[in-house]
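Chemist: Structure below; questions to follow.
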Amino acid sequence: MKPILLIGWKDLQVTFRDRAALLFMLLAPFLLTLGLALVSGQFSEAGRIEQIPVAIANQDDGQLGQALVKLFQDSTLADLVSPTVVADPEAARRLVDQDQAAAAVIVPAGFTASIVPDDGAAPPAETVAITLVTNPARPIGAGIVRAIVEEYLSRVETGRVGGEVIVRQLVETGRLMPQHIRAAAPAIGSRAVVAAVAEPALRLRAATAASGPADFNPMAVMAPGMALLFLMFTVANGGRSLLAERAQGTLPRLLVAPVTAGQVLVGKLLGTYLAGVAQMLILVVGSALLFGLRWGDPLGVLVLILAAVFAALGWGMLLTALARTPGQVTVGGAALMLIFGLLGGSFVQFGLMPGWWQALSHLTPNAWGLDGFTVLSLGGTLADLGRPLLGLVVMGLALGAVSLLLFSRRSPEKQL
Amino acid sequence: MTPMIAVHQLVKRYNGVAAVKGISFDVKEGEIFSLLGPNGAGKTTTISVLSTLLPPSEGDAAIAGYSVARQPMAVRRLIGVVPQELALYEDLSARENLLFWGRMYGLSGRDLHRRVEEVLALVGLAERSRDRVKTYSGGMKRRLNIGVGLLHRPRVLFLDEPTVGIDPQSRRAILDSVKALNAEGMTILYTTHYMEEAQELSHRVGIMDHGELIALGTQAELTRQVGQCETLLLHIGEAEDPQALAQALQSLPGVQQATATDHQVAVITADAAQVLAPVVARAEQRGIKIHSVDIQEPNLEAVFLHLTGRGLRDR
């Protein structure tokens, strides 16, 4: 184990002393993120996003469910969203799965009654929750829908609290006798809640626009995209260093030291892995400090980084196993970086691409990584990262196995 | 007594082509043994097999009784290797290189740091030890390359052409270091194509050519093979044809062998003084001007010339 750690640490040292590598690993992602954000107009993104498709399944027969549907159908939101009311939750989910909707809003039966009980009914023990199903391929659209729903729920809560305050004041001023509270309170509360959610949508739109940049800052998508793009550079650079050890004569020297060839290989991989993790962490912390980006649940971000670097390392290993010279890895790595960047959503949103493109994109760690970072930026936690984490780990394992097979088939003479 | 290095019928093939063709020799503990031969003779391949870098195709070799084929890890703990090509991390300093390699060989703590200081002093890099290797001259890199090989106090040190391409001062420092290490009891296998280095350093010499060990013994034993012959080394102009002169001299009485090298013709003879005048006259007859003549006592170059008909530095 010790030789592996020694080789890994030595490689990390060498990598972080290479100024050209640092330029690509750290400076370039920052500059590109900043540049793309400026070019695309980071805070005018909402103006460019139009007709976000939303599926709504309203199973609530009360006023609040209807009010939410009306809110999405309101003319003031007509430019921003394009709602489709469907009969049942499954139909709504299907639209998201088929990428025909950025999100599905499912209002379950009893939603209104759980907030504003019918006359004479007992207050509910627990509020019935609205379900929001988001489409990871349309992170910004899904985020805006979430913001609208959250704003709506905030109004519901405001109305409910307002109703309670009204009832209390009526009792305190003697205009409502305590014995009449049970009969009158539901009606008062209901009116207050309905009035709150029925306020002019213009105000809601303004609220969405104001909260949009904070929640869906396009840099929050671009920064992980750029970080994942240049992660491919780092893993290719690591592969190049393995072949460079051969070219500079240090690989034969390592192989006559009292270590096995396997320890040397794992040590080299560890060095590249550590460099990739360090790069991603520096970019995450740096962008949070410099651009105020919120990446989401820190534990989720850390685990996602570990998995993304693992998957990217698999591609780096494969590239190294197929190449014969450091130059081939450099050229191949640059090509892979750009292709994966384009395919994996580092430059272009998945949502704008055709279905086959989106399917193909998940051959890249970039796409899985972006899926995960989107989940986290939309408020998800480590528990919500199952799919992207699984995708990344399986990719890393599969590519690693193929690469090791290719390495093992090389004769000792060819390894030197 | 078990030899420190025992090589038995060693064969190494690359893609079916034999680079080493069944060589056998022993090296005693505390001995400096040189493998002398031109480029491509199989010296580096031999060291690669002995240091466990490459597996033998046939035969075997043992270091202190451990087989290089079957017990490579045991062998690696005993040996140090100074490869022909520089094998250093140029973005690290000399000290960092030595610390890394020392740890790879299991050194740690005070022992490691003390040893690093000793080696830095030995190779004359103590003052530049914190500078990155990429800022060093070729000679400094060569010396550090050697320092890495002997850092862990190996019982056997393989030095593969350690003086190629360096200045005379660095070469002298390296040769002196090799002698000092041997005086401490280290067994050394040294490869070179410089006859002078083999003569200066070695207790015994093995001469290799085309993958075969064509001669083996002490210097005296080897030179005895060419008898009491001397070598006349004729230096001619760049425009002259050394092949034509060698052919012309071959038929002269008293000339045992005449061989052309770069702008030189080497004439092996029993009595250099006696053949000198006819040699010069024959050259004049052919219109070839001799610039200068050296008369050499029997040496390893003459032995190689005698055995192969070629000079050590011929291609």
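Residue numbering restarts at 1 in every chain; chains get A, B, ... in the order shown in the structure tokens, and ligands count up from 1 in that same order.
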Fewer than 6 positions away in the same chain doesn't count, so skip those; otherwise give me all residues within 7 Å of region 240-246 of chain B, counting only C-alpha atoms, as a ChimeraX atom specification.

Modeler: /B:258-261,263-265,283,288

Chemist: Restricted to all heavy atoms, what would the selected residues look like written as a PDB file, in the first residue's frame?

Modeler:
ATOM      1  N   ALA B 258      44.809  -4.823 -40.807  1.00  0.00           N
ATOM      2  CA  ALA B 258      44.609  -3.371 -41.006  1.00  0.00           C
ATOM      3  C   ALA B 258      43.106  -3.109 -41.086  1.00  0.00           C
ATOM      4  O   ALA B 258      42.411  -3.741 -41.874  1.00  0.00           O
ATOM      5  CB  ALA B 258      45.298  -2.915 -42.283  1.00  0.00           C
ATOM      6  N   THR B 259      42.637  -2.187 -40.227  1.00  0.00           N
ATOM      7  CA  THR B 259      41.193  -1.950 -40.143  1.00  0.00           C
ATOM      8  C   THR B 259      40.898  -0.468 -40.233  1.00  0.00           C
ATOM      9  O   THR B 259      41.550   0.346 -39.566  1.00  0.00           O
ATOM     10  CB  THR B 259      40.655  -2.473 -38.783  1.00  0.00           C
ATOM     11  OG1 THR B 259      41.133  -3.794 -38.591  1.00  0.00           O
ATOM     12  CG2 THR B 259      39.152  -2.466 -38.756  1.00  0.00           C
ATOM     13  N   ALA B 260      39.913  -0.127 -41.078  1.00  0.00           N
ATOM     14  CA  ALA B 260      39.544   1.284 -41.243  1.00  0.00           C
ATOM     15  C   ALA B 260      38.476   1.669 -40.224  1.00  0.00           C
ATOM     16  O   ALA B 260      37.555   0.918 -39.959  1.00  0.00           O
ATOM     17  CB  ALA B 260      39.009   1.499 -42.657  1.00  0.00           C
ATOM     18  N   THR B 261      38.668   2.834 -39.618  1.00  0.00           N
ATOM     19  CA  THR B 261      37.615   3.429 -38.769  1.00  0.00           C
ATOM     20  C   THR B 261      37.428   4.858 -39.267  1.00  0.00           C
ATOM     21  O   THR B 261      37.903   5.184 -40.346  1.00  0.00           O
ATOM     22  CB  THR B 261      38.017   3.416 -37.281  1.00  0.00           C
ATOM     23  OG1 THR B 261      39.211   4.174 -37.129  1.00  0.00           O
ATOM     24  CG2 THR B 261      38.254   1.991 -36.778  1.00  0.00           C
ATOM     25  N   HIS B 263      38.249   8.155 -40.285  1.00  0.00           N
ATOM     26  CA  HIS B 263      39.467   8.937 -40.563  1.00  0.00           C
ATOM     27  C   HIS B 263      40.713   8.331 -39.939  1.00  0.00           C
ATOM     28  O   HIS B 263      41.676   9.030 -39.649  1.00  0.00           O
ATOM     29  CB  HIS B 263      39.312  10.391 -40.091  1.00  0.00           C
ATOM     30  CG  HIS B 263      37.988  10.970 -40.439  1.00  0.00           C
ATOM     31  ND1 HIS B 263      37.511  10.990 -41.718  1.00  0.00           N
ATOM     32  CD2 HIS B 263      37.021  11.504 -39.653  1.00  0.00           C
ATOM     33  CE1 HIS B 263      36.307  11.529 -41.721  1.00  0.00           C
ATOM     34  NE2 HIS B 263      35.981  11.843 -40.478  1.00  0.00           N
ATOM     35  N   GLN B 264      40.649   7.047 -39.654  1.00  0.00           N
ATOM     36  CA  GLN B 264      41.802   6.363 -39.061  1.00  0.00           C
ATOM     37  C   GLN B 264      41.932   4.977 -39.679  1.00  0.00           C
ATOM     38  O   GLN B 264      40.942   4.391 -40.117  1.00  0.00           O
ATOM     39  CB  GLN B 264      41.607   6.172 -37.548  1.00  0.00           C
ATOM     40  CG  GLN B 264      41.665   7.437 -36.739  1.00  0.00           C
ATOM     41  CD  GLN B 264      41.437   7.149 -35.259  1.00  0.00           C
ATOM     42  OE1 GLN B 264      41.191   6.003 -34.883  1.00  0.00           O
ATOM     43  NE2 GLN B 264      41.527   8.171 -34.450  1.00  0.00           N
ATOM     44  N   VAL B 265      43.196   4.512 -39.646  1.00  0.00           N
ATOM     45  CA  VAL B 265      43.415   3.104 -39.998  1.00  0.00           C
ATOM     46  C   VAL B 265      44.255   2.501 -38.868  1.00  0.00           C
ATOM     47  O   VAL B 265      45.293   3.064 -38.483  1.00  0.00           O
ATOM     48  CB  VAL B 265      44.143   2.969 -41.351  1.00  0.00           C
ATOM     49  CG1 VAL B 265      44.487   1.499 -41.618  1.00  0.00           C
ATOM     50  CG2 VAL B 265      43.272   3.511 -42.485  1.00  0.00           C
ATOM     51  N   ALA B 283      51.269   4.416 -48.233  1.00  0.00           N
ATOM     52  CA  ALA B 283      50.234   5.463 -48.227  1.00  0.00           C
ATOM     53  C   ALA B 283      50.559   6.544 -49.242  1.00  0.00           C
ATOM     54  O   ALA B 283      49.684   7.021 -49.971  1.00  0.00           O
ATOM     55  CB  ALA B 283      50.110   6.071 -46.824  1.00  0.00           C
ATOM     56  N   ILE B 288      47.695   9.035 -50.371  1.00  0.00           N
ATOM     57  CA  ILE B 288      46.972   9.319 -49.138  1.00  0.00           C
ATOM     58  C   ILE B 288      47.938   9.899 -48.120  1.00  0.00           C
ATOM     59  O   ILE B 288      48.983   9.297 -47.832  1.00  0.00           O
ATOM     60  CB  ILE B 288      46.314   8.032 -48.573  1.00  0.00           C
ATOM     61  CG1 ILE B 288      45.274   7.506 -49.582  1.00  0.00           C
ATOM     62  CG2 ILE B 288      45.668   8.294 -47.214  1.00  0.00           C
ATOM     63  CD1 ILE B 288      44.696   6.162 -49.217  1.00  0.00           C
TER      64      ILE B 288
END

Chemist: Select all residues from chain B having any atom no more than 8 Å from an atom of chain A (counting only C-alpha atoms, ignoring ligands), output as a list in words.

Modeler: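 Residues of chain B within 8 Å of chain A, counting only C-alpha atoms: Tyr14, Ser51, Thr52, Leu53, Leu54, Met73, Ala74, Arg76, Arg77, Val81, Pro83, Glu85, Leu86, Ala87, Leu88, Tyr89, Asp91, Leu92, Phe100, Arg103, Met104 and Tyr105 of chain B.
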
Chemist: What does the file look like for those residues with C-alpha atoms, as an mmCIF file, in the first residue's frame?

Modeler:
data_model
loop_
_atom_site.group_PDB
_atom_site.id
_atom_site.type_symbol
_atom_site.label_atom_id
_atom_site.label_comp_id
_atom_site.auth_asym_id
_atom_site.auth_seq_id
_atom_site.Cartn_x
_atom_site.Cartn_y
_atom_site.Cartn_z
ATOM 1 C CA TYR B 14 12.756 -9.462 -28.934
ATOM 2 C CA SER B 51 17.827 -6.134 -12.888
ATOM 3 C CA THR B 52 14.511 -8.029 -13.441
ATOM 4 C CA LEU B 53 13.191 -5.400 -15.810
ATOM 5 C CA LEU B 54 12.864 -7.982 -18.584
ATOM 6 C CA MET B 73 11.419 -9.093 -5.602
ATOM 7 C CA ALA B 74 14.306 -10.570 -3.601
ATOM 8 C CA ARG B 76 15.264 -5.945 -6.454
ATOM 9 C CA ARG B 77 15.936 -5.436 -2.752
ATOM 10 C CA VAL B 81 20.352 0.438 -11.124
ATOM 11 C CA PRO B 83 20.137 3.382 -16.312
ATOM 12 C CA GLU B 85 19.037 7.242 -19.971
ATOM 13 C CA LEU B 86 18.314 9.779 -17.246
ATOM 14 C CA ALA B 87 15.462 8.585 -15.049
ATOM 15 C CA LEU B 88 14.517 11.577 -12.895
ATOM 16 C CA TYR B 89 11.468 13.718 -12.187
ATOM 17 C CA ASP B 91 9.735 19.025 -11.880
ATOM 18 C CA LEU B 92 11.017 17.854 -8.498
ATOM 19 C CA PHE B 100 10.931 9.696 -3.210
ATOM 20 C CA ARG B 103 11.071 5.781 0.381
ATOM 21 C CA MET B 104 10.354 3.467 -2.530
ATOM 22 C CA TYR B 105 13.249 1.326 -1.294
#

Chemist: Can you work out which one of A:Ser408, A:Ser377, A:Asn237, A:Ser287 has the shortest atom-to-atom distance to Val331 (chain A), counting only C-alpha atoms?

Modeler: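 Checking each of A:Ser408, A:Ser377, A:Asn237, A:Ser287 against Val331 (chain A), counting only C-alpha atoms, the winner is A:Asn237.
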
Chemist: Can you pull out every residue within 10 Å of Leu99 (chain B), counting only C-alpha atoms, but drop anything in the same chain fewer than 4 positions away, and send it as a list of chain:residue names?

Modeler: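 In the requested form, the answer reads B:Ser93, B:Ala94, B:Arg95, B:Arg103, B:Met104, B:Tyr105, B:Leu107, B:Ser108, B:Leu112, B:His113, B:Arg115, B:Val116, B:Val148, B:Leu151.
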
Chemist: Go ahead and write the residues just picked, C-alpha atoms, as a compact mmCIF listing (two decimals), in the first residue's frame.

Modeler:
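Once written, result_17.txt looks like this:
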# COMPACT_ATOMS: atom_id res chain seq x y z
CA SER B 93 14.24 18.98 -6.84
CA ALA B 94 17.24 16.68 -6.37
CA ARG B 95 16.33 16.31 -2.71
CA ARG B 103 11.07 5.78 0.38
CA MET B 104 10.35 3.47 -2.53
CA TYR B 105 13.25 1.33 -1.29
CA LEU B 107 14.10 4.03 3.79
CA SER B 108 12.38 6.34 6.24
CA LEU B 112 16.43 8.44 4.94
CA HIS B 113 17.31 12.08 5.53
CA ARG B 115 21.35 9.09 3.55
CA VAL B 116 19.97 11.80 1.26
CA VAL B 148 19.41 7.67 -6.97
CA LEU B 151 20.86 5.78 -2.26

Chemist: Go through region 74-162 of chain B and collect every residue that DSSP, computed from the backbone, puts in alpha helix (DSSP H); the answer should be as a PyMOL selection string.

Modeler: chain B and resi 74-78+94-104+109-122+138-150

Chemist: Please, what distance in Å, to one decimal, runs between CA of Val277 (chain A) and CA of Ala308 (chain A)?

Modeler: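 CA of Ala308 (chain A) lies 8.9 Å from CA of Val277 (chain A).
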
Chemist: Neighbouring residues of Leu281 (chain A) were defined as those with any atom within 12 Å, considering only C-alpha atoms; residues of the same chain fewer than 6 positions away were excluded. Please report them as a PyMOL selection string.

Modeler: chain A and resi 25-26+224+227-228+231+274-275+287-288+295+298+301-306+308-309

Chemist: Counting only C-alpha atoms, what is within 10 Å of Asp97 (chain A), bar same-chain residues fewer than 3 positions away, as a list of chain:residue names?

Modeler: A:Ala91, A:Ala92, A:Arg93, A:Arg94, A:Gln100, A:Ala101, A:Ala102, A:Ala103, A:Ala104, A:Val133, A:Thr134, A:Asn135, A:Pro136, A:Ala137

Chemist: Would you please extract all strand (DSSP E or B) residues from region 49-145 of chain B, as assigned by DSSP on the backbone, and give them as a list in words?

Modeler: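 Residues of region 49-145 of chain B classed as strand (DSSP E or B): Glu58, Gly59, Asp60, Ala61, Ala62, Ile63, Tyr66, Ser67, Ile79, Gly80, Val81, Val82, Ser93 and Arg132 of chain B.
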
Chemist: Produce a file of the selected residues containing N, CA, C and O atoms, as an mmCIF file, in the first residue's frame.

Modeler:
data_model
loop_
_atom_site.group_PDB
_atom_site.id
_atom_site.type_symbol
_atom_site.label_atom_id
_atom_site.label_comp_id
_atom_site.auth_asym_id
_atom_site.auth_seq_id
_atom_site.Cartn_x
_atom_site.Cartn_y
_atom_site.Cartn_z
ATOM 1 N N GLU B 58 15.586 -17.507 -22.298
ATOM 2 C CA GLU B 58 16.129 -18.830 -21.931
ATOM 3 C C GLU B 58 17.243 -18.599 -20.927
ATOM 4 O O GLU B 58 17.763 -17.487 -20.803
ATOM 5 N N GLY B 59 17.620 -19.693 -20.234
ATOM 6 C CA GLY B 59 18.684 -19.580 -19.255
ATOM 7 C C GLY B 59 18.213 -18.835 -18.021
ATOM 8 O O GLY B 59 17.020 -18.548 -17.862
ATOM 9 N N ASP B 60 19.154 -18.499 -17.155
ATOM 10 C CA ASP B 60 18.775 -17.778 -15.937
ATOM 11 C C ASP B 60 19.977 -17.003 -15.433
ATOM 12 O O ASP B 60 21.102 -17.162 -15.926
ATOM 13 N N ALA B 61 19.718 -16.176 -14.469
ATOM 14 C CA ALA B 61 20.790 -15.447 -13.803
ATOM 15 C C ALA B 61 20.386 -15.310 -12.353
ATOM 16 O O ALA B 61 19.193 -15.322 -12.032
ATOM 17 N N ALA B 62 21.366 -15.209 -11.479
ATOM 18 C CA ALA B 62 21.054 -15.078 -10.056
ATOM 19 C C ALA B 62 21.882 -13.955 -9.458
ATOM 20 O O ALA B 62 23.039 -13.744 -9.833
ATOM 21 N N ILE B 63 21.262 -13.233 -8.546
ATOM 22 C CA ILE B 63 21.960 -12.206 -7.779
ATOM 23 C C ILE B 63 21.983 -12.689 -6.336
ATOM 24 O O ILE B 63 20.910 -12.902 -5.741
ATOM 25 N N TYR B 66 19.673 -15.458 -5.688
ATOM 26 C CA TYR B 66 18.254 -15.319 -6.017
ATOM 27 C C TYR B 66 18.075 -15.241 -7.536
ATOM 28 O O TYR B 66 18.708 -14.409 -8.200
ATOM 29 N N SER B 67 17.190 -16.064 -8.051
ATOM 30 C CA SER B 67 16.961 -16.101 -9.489
ATOM 31 C C SER B 67 16.217 -14.850 -9.952
ATOM 32 O O SER B 67 15.200 -14.470 -9.366
ATOM 33 N N ILE B 79 19.639 -4.829 -5.327
ATOM 34 C CA ILE B 79 20.343 -4.147 -6.421
ATOM 35 C C ILE B 79 20.000 -2.655 -6.488
ATOM 36 O O ILE B 79 18.963 -2.205 -6.011
ATOM 37 N N GLY B 80 20.922 -1.935 -7.100
ATOM 38 C CA GLY B 80 20.656 -0.554 -7.495
ATOM 39 C C GLY B 80 20.954 -0.464 -8.977
ATOM 40 O O GLY B 80 21.854 -1.149 -9.471
ATOM 41 N N VAL B 81 20.176 0.349 -9.675
ATOM 42 C CA VAL B 81 20.352 0.438 -11.124
ATOM 43 C C VAL B 81 20.537 1.901 -11.527
ATOM 44 O O VAL B 81 19.755 2.762 -11.115
ATOM 45 N N VAL B 82 21.570 2.146 -12.295
ATOM 46 C CA VAL B 82 21.750 3.470 -12.890
ATOM 47 C C VAL B 82 21.574 3.295 -14.390
ATOM 48 O O VAL B 82 22.467 2.811 -15.083
ATOM 49 N N SER B 93 12.840 18.641 -7.113
ATOM 50 C CA SER B 93 14.244 18.981 -6.843
ATOM 51 C C SER B 93 15.047 17.693 -6.672
ATOM 52 O O SER B 93 14.478 16.596 -6.572
ATOM 53 N N ARG B 132 14.906 22.719 -8.882
ATOM 54 C CA ARG B 132 14.286 21.685 -9.710
ATOM 55 C C ARG B 132 15.313 21.085 -10.674
ATOM 56 O O ARG B 132 16.154 21.816 -11.214
#

Chemist: Write out as a list of chain:residue names each polymer residue whose atoms come within 8 Å of region 204-212 of chain B, counting only C-alpha atoms; drop sequence neighbours fewer than 5 positions from it.

Modeler: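 Listed by chain and then number, they are B:Ala18, B:Ala19, B:Val20, B:Lys21, B:Gly22, B:Ile23, B:Glu31, B:Ile32, B:Phe33, B:Ser34, B:Leu35, B:Leu36, B:Gly37, B:Pro38, B:Gly40, B:Ala41, B:Gly42, B:Lys43, B:Ala198, B:Gly217, B:Thr218, B:Gln219, B:Phe304.
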
Chemist: Could you write out the selected residues, including N, CA and C atoms, as a short mmCIF file (atom, residue, chain, number, x, y, z; two decimals), in the first residue's frame?

Modeler:
data_model
loop_
_atom_site.label_atom_id
_atom_site.label_comp_id
_atom_site.auth_asym_id
_atom_site.auth_seq_id
_atom_site.Cartn_x
_atom_site.Cartn_y
_atom_site.Cartn_z
N ALA B 18 17.28 -12.55 -31.36
CA ALA B 18 18.08 -12.65 -30.13
C ALA B 18 18.97 -11.43 -29.99
N ALA B 19 18.80 -10.71 -28.87
CA ALA B 19 19.68 -9.57 -28.56
C ALA B 19 20.82 -10.05 -27.67
N VAL B 20 20.57 -11.10 -26.89
CA VAL B 20 21.62 -11.73 -26.07
C VAL B 20 21.56 -13.22 -26.38
N LYS B 21 22.74 -13.80 -26.72
CA LYS B 21 22.73 -15.15 -27.28
C LYS B 21 23.46 -16.16 -26.39
N GLY B 22 22.88 -16.47 -25.28
CA GLY B 22 23.43 -17.55 -24.45
C GLY B 22 24.72 -17.21 -23.76
N ILE B 23 24.77 -16.07 -23.08
CA ILE B 23 26.02 -15.68 -22.42
C ILE B 23 26.07 -16.25 -21.00
N GLU B 31 33.66 -7.12 -6.60
CA GLU B 31 34.39 -6.97 -7.86
C GLU B 31 33.75 -5.87 -8.71
N ILE B 32 34.57 -5.20 -9.52
CA ILE B 32 34.03 -4.35 -10.58
C ILE B 32 34.20 -5.13 -11.88
N PHE B 33 33.08 -5.44 -12.48
CA PHE B 33 33.10 -6.22 -13.72
C PHE B 33 32.52 -5.34 -14.82
N SER B 34 33.26 -5.19 -15.91
CA SER B 34 32.77 -4.36 -17.00
C SER B 34 32.35 -5.20 -18.19
N LEU B 35 31.24 -4.81 -18.76
CA LEU B 35 30.85 -5.37 -20.06
C LEU B 35 31.21 -4.32 -21.09
N LEU B 36 32.18 -4.66 -21.95
CA LEU B 36 32.68 -3.71 -22.95
C LEU B 36 32.20 -4.15 -24.33
N GLY B 37 31.70 -3.21 -25.08
CA GLY B 37 31.27 -3.56 -26.43
C GLY B 37 30.65 -2.36 -27.10
N PRO B 38 30.55 -2.42 -28.42
CA PRO B 38 29.97 -1.28 -29.14
C PRO B 38 28.46 -1.17 -28.89
N GLY B 40 24.70 -1.63 -29.37
CA GLY B 40 23.97 -2.73 -29.97
C GLY B 40 24.57 -4.10 -29.68
N ALA B 41 25.58 -4.15 -28.81
CA ALA B 41 26.23 -5.43 -28.51
C ALA B 41 25.37 -6.31 -27.61
N GLY B 42 24.41 -5.70 -26.88
CA GLY B 42 23.55 -6.48 -25.97
C GLY B 42 23.83 -6.19 -24.51
N LYS B 43 24.63 -5.15 -24.24
CA LYS B 43 25.00 -4.84 -22.85
C LYS B 43 23.77 -4.39 -22.04
N ALA B 198 36.80 0.99 -19.01
CA ALA B 198 36.87 -0.42 -18.62
C ALA B 198 38.25 -0.74 -18.08
N GLY B 217 37.93 -11.97 -19.06
CA GLY B 217 39.12 -12.16 -18.24
C GLY B 217 39.61 -10.85 -17.68
N THR B 218 40.77 -10.92 -17.03
CA THR B 218 41.38 -9.68 -16.56
C THR B 218 41.96 -8.97 -17.78
N GLN B 219 42.34 -7.74 -17.59
CA GLN B 219 42.92 -6.99 -18.70
C GLN B 219 44.16 -7.69 -19.27
N PHE B 304 39.55 -6.05 -29.01
CA PHE B 304 38.28 -6.05 -29.73
C PHE B 304 38.53 -6.05 -31.24
#
